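**Student:** Input: one structure, supplied below.
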Amino acid sequence: FKQKTAYEIMPSLVGSEMCIRDSNIQRYLNIRWASRPTFSPDGSQLAFLTNITGTAQIWRISAEGGWPDQLTFFDDRVSFVQWSPTDELLVFGKDVGGNERTQLYLMPSDGREIISLSNLPQAIHHFGGWSHDGRWIAFSSNRRNPAFFDVYIQDINSRETRLVYQQDGSNFAAGWSPNDQYLLIWRLNSSFDQDLFLLELKTQKVTHLTPHQGLVRYSNVNWAPEGKGLYLITDQGRDFMNIAYLDIASAELTYLEDDLRDVDGLAVSKDGRFMAYTLNVDGYSELKIKELSAGRRPLPSPPLPMGVVGRLTFSETGEKLAFVFSGPRYNTDIWVWELEKERLTQVTHSSTAGIPQESFTEPQLVRYTSFDGRKIPAFLYLPRKTGRFPVIVHIHGGPEAQERVWFDPIFQYFLNRGYAVFAPNVRGSTGYGKAYTHLDDVELREDSVKDIVYGVEYLKTIAQVNPEKIAVMGGSYGGYMVLAALTKYPNLWTAGVDIVGIANFKTFLKNTGAYRRKWRIAEYGDPQRDSELLERISPINHVDKIKAPLMVIQGANDPRVPQSEAEQIVQAIKERNGVVEYLLFPDEGHGISKLPNRIKAYTAIVDFLDRHLK
């Protein structure tokens, strides 16, 4: 972890024909990452998460770089960490076996002891921030009813816990006012509709700050230093998410930026002097910094290669900005930009497992025409070899998500092995405006599947692609898209890989976590009102059309897409004497997070694809 500046570590982006020989999938899965930086009160230290040990744990490092110290040693992943604004204390969260029932813990920043704060293993807990005096934390939990999240505060010294806001909905603490007298509450009505409420803690008075018509999102909320307003990102009255200021007294919203691209990250320094934000530009990030106290005067931004910037975090004084950077050729690491000195430091240097950075491949951003003339953006990764290659069409999850150009060791492994990778952002993806995200809602669901088909037609025009060897792969909602593609267009595919995917929308909506059901109904349809539609679009009802071999990967503790979804599709294919392979992991949830399990899962996937595509 030698300290280096950006200018010392940025190699040339000129292409290379390098190919790594004798590198199996295990080596690529040992490529490490670091994320979720949080500053110590004096800004000299950072706590963060990294998977150096194979599972995300908490580590601590100087904000100038150096050798880190490991603070937690669990078998299960840590999901977040947040430093106290006043003391050498950390709050963090952890679940068991991927069940997402996160419990809260308190730990001195040297890691010498761990104190349980929640101790209700059947409930989920979402951290909502430290009070500015460092005495209280806020969190939300469904401990009252599994279907609803209420808001609580807890004294970290006495452990006294108070229920401060109860409502039959999904309510999350979103930060304390500068004087700690108010708590901001963010209510999730659905994935594309949210609301903000102001809770006065002493009187319990609640003020609705964002009454609106239709679907509106509010996110990345930051208090202005005087406590009279909020800086946030919203798409109220427009197609793209932009930065706005919400005056609390008048509830008047004023846009500060007007960009035909989504702003997807925002941080404001505690003193209100600086604002940092990221623009989503075709899946890449542009990091912008402005001085609010000087009329939003633009300031120099750190010099970074093409990639994705996230987790913007100011130090308490606002002099330093920590963030996470990831790119096709840069595994995920933490950086610090010193605003006054204009100095960029890569704080963590996560291992590439001995694989040269120059061997990693960048994609081409392409757009192809779909069935209705709409242009669909996609990333095309081609191996650094000559020839015609089998292709993996990778479909992202969500569906409220976007394929972006962050580092993906799985993509890089397949590229090195002689596969092309095609990653489209079909209609319904985020990052291209509100209207685009709603083009696959309810009865339009299968239009997004058609986009995949037209993507395959586009691939057939690429000289380096073998049109007879095309597989489709995806996880979660992407797993549903795999099954839908295999059933709707069976002649296109040589193989399919479904990771924790939806097979039957009716049983999925019945069995998914109670708190998630309302969100998913808004996207997929109501089991009563849209019963016929859900029957029609569920892959389980069209299994007889599947021709390609299928691999299914599932975590037994998955609270989002339960194990029953995987077992339905596996059983149905077996009953029809189809080709299906199934791997179930008893200590995983929605996805595979533990390194030994990832090695087992992706080794099986590689062997499966090699057998059928090579």
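Chain identifiers are assigned as A, B, and so on, following the order in which chains appear in the structure tokens; residues are numbered from 1 within each chain, and ligands are numbered from 1 in order of appearance.
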Residues at most 6 Å from segment 467-474 of chain A, counting only C-alpha atoms, excluding those fewer than 2 positions away in the same chain, as a list in words?
**Tutor:**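 That gives Pro390, Val391, Ile392, Val393, His394, Ile395, Lys460, Val465, Gly478, Gly479, Val482, Trp493, Thr494, Ala495, Gly496, Val497, Asp498 and Leu613 of chain A.
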**Student:** Output the selection as a JSON list (two decimals), in the first residue's frame - N, CA and C atoms for each residue.
**Tutor:**
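Result file follows (part-v3.json):
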```
[["chain", "number", "residue", "atom", "x", "y", "z"],
["A", 390, "PRO", "N", -16.98, -16.83, -29.32],
["A", 390, "PRO", "CA", -18.30, -17.00, -28.69],
["A", 390, "PRO", "C", -18.60, -15.77, -27.84],
["A", 391, "VAL", "N", -19.88, -15.49, -27.64],
["A", 391, "VAL", "CA", -20.29, -14.27, -26.95],
["A", 391, "VAL", "C", -21.15, -14.60, -25.75],
["A", 392, "ILE", "N", -20.91, -13.88, -24.65],
["A", 392, "ILE", "CA", -21.79, -13.92, -23.49],
["A", 392, "ILE", "C", -22.57, -12.61, -23.48],
["A", 393, "VAL", "N", -23.88, -12.70, -23.64],
["A", 393, "VAL", "CA", -24.76, -11.53, -23.51],
["A", 393, "VAL", "C", -25.13, -11.43, -22.04],
["A", 394, "HIS", "N", -24.67, -10.36, -21.39],
["A", 394, "HIS", "CA", -24.89, -10.22, -19.96],
["A", 394, "HIS", "C", -25.97, -9.17, -19.70],
["A", 395, "ILE", "N", -27.01, -9.56, -18.94],
["A", 395, "ILE", "CA", -28.13, -8.68, -18.66],
["A", 395, "ILE", "C", -28.09, -8.28, -17.19],
["A", 460, "LYS", "N", -24.43, -10.17, -34.76],
["A", 460, "LYS", "CA", -24.16, -10.97, -35.96],
["A", 460, "LYS", "C", -23.50, -10.15, -37.07],
["A", 465, "VAL", "N", -17.42, -11.91, -34.02],
["A", 465, "VAL", "CA", -18.41, -12.69, -33.28],
["A", 465, "VAL", "C", -18.79, -13.95, -34.03],
["A", 478, "GLY", "N", -31.94, -9.84, -13.96],
["A", 478, "GLY", "CA", -31.20, -10.34, -15.12],
["A", 478, "GLY", "C", -31.38, -11.83, -15.30],
["A", 479, "GLY", "N", -31.56, -12.56, -14.18],
["A", 479, "GLY", "CA", -31.84, -13.99, -14.27],
["A", 479, "GLY", "C", -33.19, -14.25, -14.90],
["A", 482, "VAL", "N", -32.79, -13.84, -18.56],
["A", 482, "VAL", "CA", -32.20, -15.04, -19.16],
["A", 482, "VAL", "C", -33.28, -16.06, -19.47],
["A", 493, "TRP", "N", -30.01, -19.13, -28.76],
["A", 493, "TRP", "CA", -29.04, -19.32, -27.69],
["A", 493, "TRP", "C", -28.38, -20.69, -27.70],
["A", 494, "THR", "N", -27.10, -20.69, -27.37],
["A", 494, "THR", "CA", -26.35, -21.92, -27.21],
["A", 494, "THR", "C", -26.39, -22.41, -25.77],
["A", 495, "ALA", "N", -26.51, -21.46, -24.82],
["A", 495, "ALA", "CA", -26.56, -21.80, -23.40],
["A", 495, "ALA", "C", -27.08, -20.60, -22.61],
["A", 496, "GLY", "N", -27.49, -20.85, -21.37],
["A", 496, "GLY", "CA", -27.95, -19.78, -20.49],
["A", 496, "GLY", "C", -27.48, -20.00, -19.07],
["A", 497, "VAL", "N", -27.22, -18.90, -18.33],
["A", 497, "VAL", "CA", -26.83, -18.96, -16.92],
["A", 497, "VAL", "C", -27.74, -18.02, -16.15],
["A", 498, "ASP", "N", -28.53, -18.60, -15.24],
["A", 498, "ASP", "CA", -29.48, -17.86, -14.42],
["A", 498, "ASP", "C", -28.99, -17.86, -12.98],
["A", 613, "LEU", "N", -20.10, -23.85, -25.47],
["A", 613, "LEU", "CA", -19.77, -22.81, -26.45],
["A", 613, "LEU", "C", -18.42, -23.03, -27.12]]
```
**Student:** Excluding Ile410 of chain A and its own-chain neighbours fewer than 6 positions away, which residues fall within 8 Å of it when counting only C-alpha atoms? Please give them as a list in words.
**Tutor:**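 Result of the neighbour search: Ile25, Tyr28 and Leu29 of chain A.
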**Student:** For the residues selected in the previous step, produce a file with N, CA and C atoms as a JSON list (two decimals), in the first residue's frame.
**Tutor:**
```json
[["chain", "number", "residue", "atom", "x", "y", "z"],
["A", 25, "ILE", "N", -10.15, -19.07, -13.28],
["A", 25, "ILE", "CA", -11.14, -18.14, -12.73],
["A", 25, "ILE", "C", -10.83, -17.80, -11.28],
["A", 28, "TYR", "N", -8.69, -14.66, -10.99],
["A", 28, "TYR", "CA", -9.44, -13.42, -11.25],
["A", 28, "TYR", "C", -10.37, -13.08, -10.09],
["A", 29, "LEU", "N", -10.95, -14.10, -9.46],
["A", 29, "LEU", "CA", -11.83, -13.85, -8.32],
["A", 29, "LEU", "C", -11.06, -13.38, -7.09]]
```
**Student:** Of the candidates A:Leu304, A:Val442, A:Met107, A:Ile537, which shows the shortest atom-to-atom distance to Ala485 of chain A, using only C-alpha atoms?
**Tutor:**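 With only C-alpha atoms as the atom set, the closest residue is A:Ile537.
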**Student:** Excluding segment 86-89 of chain A and any residue of its chain fewer than 4 positions from it, enumerate the residues within 9 Å of it, using only C-alpha atoms, and give them as a PyMOL selection string.
**Tutor:** chain A and resi 40-42+82+106-110+132-135
**Student:** State, in Å with one decimal place, the distance from atom CA of Asp610 of chain A to atom CA of Pro424 of chain A.
**Tutor:** 22.6 Å
**Student:** Find the residues around Val579 of chain A up to 8 Å (only C-alpha atoms counted), leave out those fewer than 5 positions away in its own chain, and share them as a list in words.
**Tutor:**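 Answer for this query is Ala548, Pro549, Leu550, Ile573 and Lys574 of chain A.
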**Student:** Would you give me, as a Markdown table, each residue of segment 397-509 of chain A having an atom within 10 Å of an atom of segment 168-191 of chain A, along with its shortest atom pair and that distance in Å to one decimal, using only C-alpha atoms and sorting by chain and residue number?
**Tutor:**
```
| residue | atom | partner | partner_atom | distance |
| --- | --- | --- | --- | --- |
| A:Gly398 | CA | A:Ser191 | CA | 9.9 |
| A:Pro399 | CA | A:Ser191 | CA | 9.9 |
| A:Glu400 | CA | A:Ser191 | CA | 7.5 |
```
**Student:** Store the residues picked out above, limited to C-alpha atoms, as a CSV table (one decimal), in the first residue's frame.
**Tutor:**
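As a result, again_14.csv now contains:
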```csv
chain,number,residue,atom,x,y,z
A,398,GLY,CA,-32.7,-4.4,-11.1
A,399,PRO,CA,-34.5,-3.8,-13.4
A,400,GLU,CA,-33.9,-0.3,-12.0
```
**Student:** Please produce, as a Markdown table, a per-residue contact table for segment 65-93 of chain A versus segment 582-599 of chain A (criterion: any atom at most 9 Å away, only C-alpha atoms considered), showing the nearest atom pair and its distance in Å to one decimal, sorted by chain then residue number.
**Tutor:**
```
| residue | atom | partner | partner_atom | distance |
| --- | --- | --- | --- | --- |
| A:Asp75 | CA | A:Lys594 | CA | 8.4 |
| A:Asp76 | CA | A:Lys594 | CA | 7.7 |
| A:Arg77 | CA | A:Ser593 | CA | 7.7 |
```
**Student:** With a distance cut-off of 12 Å and only C-alpha atoms, select the neighbouring residues of segment 512-519 of chain A, excluding the residue or stretch itself and same-chain residues fewer than 2 positions from it, and output the selection as an NGL selection string.
**Tutor:** :A and (99-101 or 123-124 or 141-150 or 168-171 or 187-194 or 398-400 or 502 or 504-510 or 521-527 or 557-565 or 590)
**Student:** Interatomic distance between atom CA of Ala423 of chain A and atom CA of Ile605 of chain A?
**Tutor:** 17.7 Å
**Student:** Identify which of the residues A:Glu113, A:Gln568, A:Arg32, A:Val606 lies closest to Gln554 of chain A, counting only C-alpha atoms when measuring atom-to-atom distances.
**Tutor:**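 Going through A:Glu113, A:Gln568, A:Arg32, A:Val606 one by one, the smallest distance to Gln554 of chain A is for A:Gln568.
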**Student:** Name the residues of segment 369-464 of chain A that come out as alpha helix (DSSP H) in a backbone DSSP run; write them as a list in words.
**Tutor:** Pro409, Ile410, Phe411, Gln412, Tyr413, Phe414, Leu415, Asn416, Lys434, Ala435, Tyr436, Thr437, Arg445, Glu446, Asp447, Ser448, Val449, Lys450, Asp451, Ile452, Val453, Tyr454, Gly455, Val456, Glu457, Tyr458 and Leu459 of chain A
**Student:** Which value, in Å to one decimal, gives the distance between atom CA of Ile452 of chain A and atom CA of Val552 of chain A?
**Tutor:**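 We find that atom CA of Ile452 of chain A and atom CA of Val552 of chain A lie 19.9 Å from each other.
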**Student:** Mind listing the strand (DSSP E or B) residues of segment 92-329 of chain A, per DSSP on the backbone, as a PyMOL selection string?
**Tutor:** chain A and resi 92-94+103-108+115-116+125-130+136-145+148-155+161-165+170-176+182-190+193-200+206-208+218-223+229-234+242-247+253-255+262-268+274-281+284-291+297-299+308-314+320-327
**Student:** Considering only C-alpha atoms, can you say which of A:Val366, A:Ile462, A:Leu287, A:Ala353 comes closest to Arg388 of chain A?
**Tutor:**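 Selected residue with least distance to Arg388 of chain A: A:Ile462.
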**Student:** Which of these residues is nearest to Gly65 of chain A, using only C-alpha atoms: A:Asp195, A:Asp333, A:Glu291, A:Asp247?
**Tutor:**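 Nearest candidate to Gly65 of chain A out of A:Asp195, A:Asp333, A:Glu291, A:Asp247: A:Asp333.
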